[in-house]
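J.: Contents of entry-v4.cif (mmCIF, C-alpha atoms) are below:
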data_model
loop_
_atom_site.label_atom_id
_atom_site.label_comp_id
_atom_site.auth_asym_id
_atom_site.auth_seq_id
_atom_site.Cartn_x
_atom_site.Cartn_y
_atom_site.Cartn_z
CA MET L 1 0.00 0.00 0.00
CA THR L 2 1.14 3.55 -0.69
CA ASP L 3 -0.46 6.96 -0.36
CA GLN L 4 0.99 7.82 -3.79
CA LEU L 5 -1.91 6.01 -5.46
CA ILE L 6 -5.55 6.27 -4.39
CA GLU L 7 -7.73 3.32 -5.45
CA THR L 8 -11.53 3.48 -5.37
CA TYR L 9 -14.05 0.94 -6.64
CA GLU L 10 -17.70 1.84 -7.22
CA ASP L 11 -20.41 0.57 -9.58
CA GLY L 12 -17.97 -1.47 -11.63
CA ILE L 13 -15.53 1.44 -12.03
CA ALA L 14 -11.99 1.20 -10.68
CA THR L 15 -10.54 4.71 -10.35
CA LEU L 16 -6.78 4.96 -9.92
CA THR L 17 -5.65 8.43 -8.86
CA MET L 18 -1.96 9.28 -8.96
CA ASN L 19 -1.42 11.19 -5.74
CA ARG L 20 1.64 13.40 -5.50
CA PRO L 21 -0.07 16.75 -6.04
CA GLU L 22 2.91 18.69 -4.66
CA ALA L 23 4.94 17.33 -7.62
CA ARG L 24 2.09 17.35 -10.16
CA ASN L 25 1.90 13.58 -9.64
CA ALA L 26 5.35 12.91 -11.07
CA LEU L 27 6.09 9.19 -11.20
CA THR L 28 8.23 7.46 -8.62
CA GLY L 29 9.23 3.81 -8.43
CA GLU L 30 6.77 3.40 -5.59
CA MET L 31 3.91 4.85 -7.64
CA GLN L 32 4.80 2.76 -10.70
CA ALA L 33 4.79 -0.42 -8.64
CA ALA L 34 1.43 0.47 -7.10
CA LEU L 35 -0.04 1.30 -10.51
CA GLY L 36 1.13 -1.98 -11.96
CA ALA L 37 -0.36 -3.99 -9.10
CA ALA L 38 -3.66 -2.08 -9.16
CA ILE L 39 -4.09 -2.41 -12.92
CA ARG L 40 -3.42 -6.15 -12.84
CA GLN L 41 -5.91 -6.55 -10.01
CA ALA L 42 -8.56 -4.58 -11.88
CA ALA L 43 -7.97 -6.60 -15.04
CA ALA L 44 -8.54 -9.85 -13.15
CA ASP L 45 -11.53 -8.68 -11.06
CA PRO L 46 -14.80 -9.68 -12.77
CA LYS L 47 -16.64 -6.93 -10.89
CA VAL L 48 -14.50 -4.22 -12.56
CA ARG L 49 -15.88 -3.13 -15.92
CA LEU L 50 -13.89 0.07 -16.49
CA VAL L 51 -10.55 1.44 -15.29
CA VAL L 52 -10.21 5.21 -14.90
CA LEU L 53 -6.73 6.72 -14.57
CA THR L 54 -6.41 10.29 -13.32
CA GLY L 55 -4.36 12.56 -11.08
CA ALA L 56 -4.90 14.52 -7.88
CA GLY L 57 -4.60 18.24 -7.30
CA GLY L 58 -5.53 19.51 -10.75
CA ALA L 59 -2.78 17.71 -12.70
CA PHE L 60 -2.72 14.36 -14.48
CA CYS L 61 0.96 13.41 -14.30
CA ALA L 62 4.07 15.50 -14.98
CA GLY L 63 6.04 12.42 -16.05
CA GLY L 64 9.21 11.17 -14.43
CA ASP L 65 10.61 12.76 -11.30
CA VAL L 66 13.28 14.93 -12.98
CA LYS L 67 14.56 16.20 -9.63
CA GLY L 68 15.03 12.61 -8.57
CA PHE L 69 16.83 11.87 -11.85
CA ALA L 70 19.22 14.75 -11.23
CA ALA L 71 19.94 13.69 -7.66
CA ARG L 72 20.62 10.09 -8.66
CA THR L 73 22.81 11.10 -11.59
CA SER L 74 24.95 13.48 -9.51
CA GLY L 75 25.20 10.89 -6.74
CA ALA L 76 26.30 8.15 -9.11
CA ALA L 77 28.85 10.47 -10.72
CA ALA L 78 30.30 11.43 -7.36
CA SER L 79 30.68 7.82 -6.26
CA ASN L 80 31.66 6.58 -9.73
CA SER L 81 29.20 3.75 -9.26
CA GLY L 82 25.59 2.85 -9.90
CA PRO L 83 23.57 0.11 -11.55
CA ALA L 84 24.89 -1.33 -14.80
CA ILE L 85 23.17 -0.17 -17.99
CA GLU L 86 21.45 -3.51 -18.60
CA GLU L 87 20.14 -3.55 -15.05
CA ARG L 88 18.70 -0.07 -15.48
CA VAL L 89 17.14 -1.03 -18.82
CA TYR L 90 15.53 -4.10 -17.27
CA GLY L 91 14.13 -2.08 -14.37
CA LEU L 92 12.67 0.61 -16.63
CA ARG L 93 11.19 -1.93 -19.02
CA ALA L 94 9.50 -3.75 -16.15
CA GLY L 95 7.91 -0.49 -14.96
CA MET L 96 6.69 0.29 -18.46
CA GLU L 97 4.47 -2.80 -18.42
CA VAL L 98 1.84 -0.46 -16.95
CA SER L 99 1.31 0.96 -20.44
CA ARG L 100 0.89 -2.45 -22.01
CA TRP L 101 -1.69 -3.45 -19.41
CA LEU L 102 -3.68 -0.26 -19.95
CA HIS L 103 -3.63 -0.83 -23.71
CA GLU L 104 -4.27 -4.59 -23.76
CA MET L 105 -6.33 -5.44 -20.68
CA PRO L 106 -9.73 -6.88 -21.71
CA LYS L 107 -11.66 -3.93 -20.28
CA PRO L 108 -11.97 -0.31 -21.39
CA THR L 109 -9.54 2.20 -19.88
CA LEU L 110 -10.23 5.92 -19.62
CA ALA L 111 -7.75 8.70 -18.85
CA VAL L 112 -9.27 11.77 -17.19
CA ILE L 113 -6.84 14.65 -17.70
CA PRO L 114 -7.60 17.67 -15.45
CA GLY L 115 -4.27 19.39 -16.05
CA ALA L 116 -0.62 18.82 -16.89
CA ALA L 117 0.16 15.57 -18.73
CA ALA L 118 3.84 15.52 -19.68
CA GLY L 119 6.46 13.00 -20.68
CA ALA L 120 5.69 9.57 -19.25
CA GLY L 121 2.48 11.03 -17.86
CA LEU L 122 1.27 11.81 -21.38
CA SER L 123 2.39 8.32 -22.45
CA LEU L 124 0.20 6.76 -19.75
CA ALA L 125 -2.78 8.80 -20.92
CA LEU L 126 -2.11 7.72 -24.52
CA ALA L 127 -1.94 4.07 -23.41
CA CYS L 128 -5.57 4.24 -22.29
CA ASP L 129 -8.31 3.43 -24.77
CA LEU L 130 -10.02 6.80 -24.41
CA ARG L 131 -9.13 10.25 -23.06
CA ILE L 132 -11.18 13.18 -21.78
CA ALA L 133 -9.38 16.40 -20.87
CA ALA L 134 -10.02 19.85 -19.52
CA ASP L 135 -9.88 22.13 -22.53
CA ASP L 136 -7.11 24.18 -20.89
CA ALA L 137 -5.05 21.18 -19.73
CA LYS L 138 -1.41 21.34 -20.85
CA LEU L 139 -0.09 18.33 -22.76
CA THR L 140 3.50 17.85 -23.92
CA THR L 141 5.88 15.03 -24.80
CA ALA L 142 8.49 16.99 -22.81
CA PHE L 143 11.34 14.50 -23.29
CA SER L 144 13.51 16.49 -25.69
CA LYS L 145 13.47 19.47 -23.30
CA VAL L 146 15.40 17.39 -20.75
CA GLY L 147 17.58 15.51 -23.23
CA LEU L 148 15.67 12.23 -23.16
CA SER L 149 14.19 10.03 -25.89
CA GLY L 150 10.87 8.91 -24.35
CA ASP L 151 9.35 5.95 -22.58
CA PHE L 152 6.11 4.24 -21.52
CA GLY L 153 5.06 3.77 -25.16
CA GLY L 154 4.48 7.41 -26.05
CA THR L 155 6.15 7.13 -29.46
CA TYR L 156 4.06 4.05 -30.32
CA PHE L 157 0.72 5.44 -29.21
CA LEU L 158 1.13 8.95 -30.59
CA THR L 159 2.30 7.66 -33.98
CA HIS L 160 -0.75 5.40 -34.23
CA LEU L 161 -3.11 8.17 -33.11
CA ILE L 162 -1.98 11.05 -35.31
CA GLY L 163 0.56 9.71 -37.80
CA GLY L 164 4.33 9.76 -37.99
CA ALA L 165 4.93 13.33 -39.18
CA LYS L 166 2.92 15.06 -36.46
CA ALA L 167 4.20 12.66 -33.80
CA ARG L 168 7.75 13.53 -34.81
CA GLU L 169 6.98 17.22 -34.58
CA LEU L 170 5.53 16.92 -31.08
CA PHE L 171 8.40 14.73 -29.88
CA PHE L 172 11.16 16.83 -31.45
CA THR L 173 9.82 20.22 -30.32
CA ALA L 174 8.08 19.17 -27.08
CA ASP L 175 5.57 21.93 -27.79
CA VAL L 176 2.84 22.39 -25.18
CA ILE L 177 -0.69 22.00 -26.52
CA THR L 178 -4.00 22.48 -24.73
CA GLY L 179 -6.73 19.93 -24.29
CA ALA L 180 -8.76 21.77 -26.93
CA GLU L 181 -5.88 21.58 -29.40
CA ALA L 182 -5.35 17.91 -28.54
CA LEU L 183 -9.00 17.27 -29.42
CA LYS L 184 -8.51 18.80 -32.87
CA LEU L 185 -5.45 16.61 -33.44
CA GLY L 186 -7.26 13.46 -32.32
CA ILE L 187 -5.07 12.94 -29.26
CA VAL L 188 -8.01 13.15 -26.85
CA ASN L 189 -11.59 12.11 -27.52
CA LYS L 190 -13.30 14.88 -25.58
CA ALA L 191 -12.28 18.28 -24.20
CA VAL L 192 -14.57 20.18 -21.86
CA PRO L 193 -14.30 23.28 -19.65
CA ARG L 194 -12.33 22.51 -16.51
CA ALA L 195 -15.33 23.12 -14.25
CA ASP L 196 -17.37 20.59 -16.24
CA LEU L 197 -14.73 17.85 -16.29
CA PRO L 198 -15.75 15.95 -13.12
CA ARG L 199 -19.38 15.70 -14.24
CA ALA L 200 -18.56 14.90 -17.89
CA ALA L 201 -15.94 12.31 -16.94
CA ALA L 202 -18.28 10.63 -14.42
CA GLU L 203 -21.10 10.44 -16.97
CA TRP L 204 -18.83 8.96 -19.63
CA ALA L 205 -17.36 6.49 -17.14
CA ARG L 206 -20.83 5.27 -16.15
CA TYR L 207 -21.76 4.86 -19.80
CA LEU L 208 -18.58 2.91 -20.60
CA ALA L 209 -19.00 0.71 -17.53
CA GLY L 210 -22.49 -0.17 -18.77
CA LEU L 211 -21.25 -1.60 -22.06
CA PRO L 212 -20.96 -5.37 -22.68
CA THR L 213 -17.53 -5.71 -21.07
CA THR L 214 -16.63 -9.09 -22.53
CA ALA L 215 -17.41 -7.91 -26.06
CA ILE L 216 -15.42 -4.72 -25.46
CA GLY L 217 -12.43 -6.85 -24.48
CA TYR L 218 -12.63 -8.75 -27.75
CA ILE L 219 -13.13 -5.52 -29.70
CA LYS L 220 -9.89 -4.26 -28.12
CA ARG L 221 -8.12 -7.41 -29.30
CA ASN L 222 -9.40 -6.83 -32.84
CA LEU L 223 -8.33 -3.18 -32.86
CA ASN L 224 -4.93 -3.88 -31.32
CA ALA L 225 -4.30 -6.58 -33.92
CA ALA L 226 -5.33 -4.17 -36.68
CA GLU L 227 -2.43 -1.89 -35.71
CA HIS L 228 0.14 -4.38 -37.00
CA ALA L 229 -1.47 -7.52 -38.47
CA THR L 230 -2.35 -8.27 -42.09
CA LEU L 231 -5.95 -8.19 -43.27
CA SER L 232 -6.04 -11.99 -43.38
CA GLU L 233 -4.78 -12.21 -39.81
CA VAL L 234 -7.33 -9.66 -38.61
CA LEU L 235 -10.14 -11.55 -40.36
CA ASP L 236 -9.04 -14.73 -38.56
CA ILE L 237 -9.01 -12.95 -35.20
CA GLU L 238 -12.38 -11.29 -35.86
CA ALA L 239 -13.96 -14.64 -36.74
CA GLN L 240 -12.68 -16.27 -33.55
CA ASN L 241 -13.78 -13.39 -31.34
CA MET L 242 -17.17 -13.04 -33.04
CA VAL L 243 -18.00 -16.68 -32.29
CA ARG L 244 -16.86 -16.24 -28.68
CA THR L 245 -19.02 -13.15 -28.14
CA GLN L 246 -22.04 -14.87 -29.71
CA MET L 247 -21.89 -17.25 -26.73
CA THR L 248 -21.98 -14.56 -24.02
CA GLU L 249 -24.92 -13.71 -21.80
CA ASP L 250 -24.71 -10.08 -22.90
CA HIS L 251 -25.25 -11.01 -26.55
CA LYS L 252 -28.23 -13.21 -25.69
CA THR L 253 -29.69 -10.41 -23.57
CA ALA L 254 -29.20 -7.89 -26.38
CA ALA L 255 -30.74 -10.19 -28.98
CA ALA L 256 -33.81 -10.71 -26.80
CA ALA L 257 -34.10 -6.98 -26.13
CA PHE L 258 -33.84 -6.26 -29.87
CA VAL L 259 -36.79 -8.54 -30.56
CA ALA L 260 -38.77 -7.04 -27.67
CA LYS L 261 -37.80 -3.49 -28.70
CA THR L 262 -36.38 -2.73 -25.24
CA GLN L 263 -33.00 -1.50 -24.02
CA PRO L 264 -30.61 -4.28 -22.94
CA VAL L 265 -28.96 -4.14 -19.52
CA PHE L 266 -25.51 -5.64 -19.84
CA GLN L 267 -23.89 -7.58 -17.00
CA GLY L 268 -20.41 -7.86 -18.44
CA ARG L 269 -20.67 -11.62 -18.94
#
What is this file in structure tokens?
T.:
Amino acid sequence: MTDQLIETYEDGIATLTMNRPEARNALTGEMQAALGAAIRQAAADPKVRLVVLTGAGGAFCAGGDVKGFAARTSGAAASNSGPAIEERVYGLRAGMEVSRWLHEMPKPTLAVIPGAAAGAGLSLALACDLRIAADDAKLTTAFSKVGLSGDFGGTYFLTHLIGGAKARELFFTADVITGAEALKLGIVNKAVPRADLPRAAAEWARYLAGLPTTAIGYIKRNLNAAEHATLSEVLDIEAQNMVRTQMTEDHKTAAAAFVAKTQPVFQGR
């Protein structure tokens, strides 16, 4: 347990709130470990039908703890020691599994962005299936401003969302864009006035949690495959997943409701 991550569970919605408001929720090893554990738990919990990722204190996540980086770098230089490169690569890669889980877990994931989303923080938001932001939230890749190349999948997700040329521009320049500008670029799905964000995010979360969760999981598999597979491979995957979803309770409920001309109530099974 850590106070750097607040976990709440209500009405099928698991809300994970990064909680270092004094540092705009900059990531620490402790927070990354807590995020990874919480996301895995939510993915495995049949009662959870949606995962919401957000930040406390008016920010989403400012990325890595740059002050911590500086302290560790100066300390290692002074002692002429520190972890070997391969050890550091392994540790970082293990922490970055958070992004893969957000992207691939068989349930919808929603990033609620009330303010700053920078560097690895932006990458985490991009790893989610959907994003809603305050229209004045500040988003930036940030990495080039501190002489870094990027992590947590930001280059992958941004390239797939908006194309290579614009992704290169935003990574090279680290320009700051607003939530409203991000909406126009297709980086976020919705941008609303800051005062309206809690209500709008809660309404969208309830709607997403009410969808047929099992089918959504298979839809995610189809869409993720479509990012790299051939048409023939996607058709194979779609056929397999279509047959599986035809056997779910949610499909049977929806088919009966269609005949009766009523609205189906999905149970996520």
J.: Exactly which residues make up the result of the PyMOL selection byres ((chain L and resi 9) around 12) on this file, given as a list in words?
T.: Ile6, Glu7, Thr8, Glu10, Asp11, Gly12, Ile13, Ala14, Thr15, Leu16, Thr17, Ala38, Gln41, Ala42, Asp45, Lys47, Val48, Arg49, Leu50, Val51, Val52 and Ala209 of chain L
J.: Quick one: write out the picked residues with C-alpha atoms as a PDB file, in the frame of the given file?
T.:
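Generated file (selection.pdb):
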ATOM      1  CA  ILE L   6      -5.550   6.270  -4.390  1.00  0.00           C
ATOM      2  CA  GLU L   7      -7.730   3.320  -5.450  1.00  0.00           C
ATOM      3  CA  THR L   8     -11.530   3.480  -5.370  1.00  0.00           C
ATOM      4  CA  GLU L  10     -17.700   1.840  -7.220  1.00  0.00           C
ATOM      5  CA  ASP L  11     -20.410   0.570  -9.580  1.00  0.00           C
ATOM      6  CA  GLY L  12     -17.970  -1.470 -11.630  1.00  0.00           C
ATOM      7  CA  ILE L  13     -15.530   1.440 -12.030  1.00  0.00           C
ATOM      8  CA  ALA L  14     -11.990   1.200 -10.680  1.00  0.00           C
ATOM      9  CA  THR L  15     -10.540   4.710 -10.350  1.00  0.00           C
ATOM     10  CA  LEU L  16      -6.780   4.960  -9.920  1.00  0.00           C
ATOM     11  CA  THR L  17      -5.650   8.430  -8.860  1.00  0.00           C
ATOM     12  CA  ALA L  38      -3.660  -2.080  -9.160  1.00  0.00           C
ATOM     13  CA  GLN L  41      -5.910  -6.550 -10.010  1.00  0.00           C
ATOM     14  CA  ALA L  42      -8.560  -4.580 -11.880  1.00  0.00           C
ATOM     15  CA  ASP L  45     -11.530  -8.680 -11.060  1.00  0.00           C
ATOM     16  CA  LYS L  47     -16.640  -6.930 -10.890  1.00  0.00           C
ATOM     17  CA  VAL L  48     -14.500  -4.220 -12.560  1.00  0.00           C
ATOM     18  CA  ARG L  49     -15.880  -3.130 -15.920  1.00  0.00           C
ATOM     19  CA  LEU L  50     -13.890   0.070 -16.490  1.00  0.00           C
ATOM     20  CA  VAL L  51     -10.550   1.440 -15.290  1.00  0.00           C
ATOM     21  CA  VAL L  52     -10.210   5.210 -14.900  1.00  0.00           C
ATOM     22  CA  ALA L 209     -19.000   0.710 -17.530  1.00  0.00           C
TER      23      ALA L 209
END
J.: Just want the 10 Å neighbourhood of Ser123 (chain L), counted on only C-alpha atoms, with same-chain residues fewer than 4 positions away dropped. Output as a PyMOL selection string.
T.: chain L and resi 61+63+96+99+117-119+127-128+140-141+150-158
J.: So how far away is CA of Met247 (chain L) from CA of Trp101 (chain L), in Å?
T.: 25.5 Å
J.: Provide an axis-aligned box for all listed atoms of region 102-115 of chain L, padding each side by 6 Å; report its centre and its edge lengths in Å to one decimal, as AutoDock Vina command-line options.
T.:
--center_x -7.8 --center_y 6.3 --center_z -19.6 --size_x 20.3 --size_y 38.3 --size_z 20.3
J.: Just checking: using all atoms listed in the file, which residue out of L:Leu53, L:Ala165, L:Ala94, L:Ala62 ends up closest to Ile132 (chain L)?
T.: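 With all atoms listed in the file as the atom set, the closest residue is L:Leu53.
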J.: Skipping near chain neighbours, those fewer than 2 positions away, what residues fall within 8 Å of Ala254 (chain L) using all atoms listed in the file, listed as a list in words?
T.: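 The residues satisfying every condition are Asp250, His251, Lys252, Ala256, Ala257, Phe258, Gln263, Pro264, Val265 and Phe266 of chain L.
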J.: Skip region 167-171 of chain L itself and residues of its chain fewer than 2 positions away, then list as a ChimeraX atom specification all residues within 9 Å of it, counting all atoms listed in the file.
T.: /L:140-144,149-150,155,158-165,173-176
J.: Carefully work through the PyMOL selection byres ((chain L and resi 30) around 10) for this structure and note down the residues it includes, as an NGL selection string.
T.: :L and (1-5 or 27-29 or 31-35)
J.: Take the residues just selected and output them with C-alpha atoms as a JSON list (two decimals), in the coordinates of the input.
T.:
[["chain", "number", "residue", "atom", "x", "y", "z"],
["L", 1, "MET", "CA", 0.00, 0.00, 0.00],
["L", 2, "THR", "CA", 1.14, 3.55, -0.69],
["L", 3, "ASP", "CA", -0.46, 6.96, -0.36],
["L", 4, "GLN", "CA", 0.99, 7.82, -3.79],
["L", 5, "LEU", "CA", -1.91, 6.01, -5.46],
["L", 27, "LEU", "CA", 6.09, 9.19, -11.20],
["L", 28, "THR", "CA", 8.23, 7.46, -8.62],
["L", 29, "GLY", "CA", 9.23, 3.81, -8.43],
["L", 31, "MET", "CA", 3.91, 4.85, -7.64],
["L", 32, "GLN", "CA", 4.80, 2.76, -10.70],
["L", 33, "ALA", "CA", 4.79, -0.42, -8.64],
["L", 34, "ALA", "CA", 1.43, 0.47, -7.10],
["L", 35, "LEU", "CA", -0.04, 1.30, -10.51]]
J.: Could you check how far CA of Leu122 (chain L) sits from CA of Lys138 (chain L), in Å to one decimal?
T.: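 Straight-line distance from CA of Leu122 (chain L) to CA of Lys138 (chain L) works out to 9.9 Å.
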J.: Which of these residues is nearest to Gly268 (chain L), using all atoms listed in the file: L:Lys107, L:Arg194, L:Arg93, L:Arg20?
T.: L:Lys107
J.: Could you tell me which of L:Ala137, L:Leu235, L:Ala26, L:Val98 comes closest to Gly58 (chain L) if we count only C-alpha atoms?
T.: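 Among the listed residues, L:Ala137 lies closest to Gly58 (chain L).
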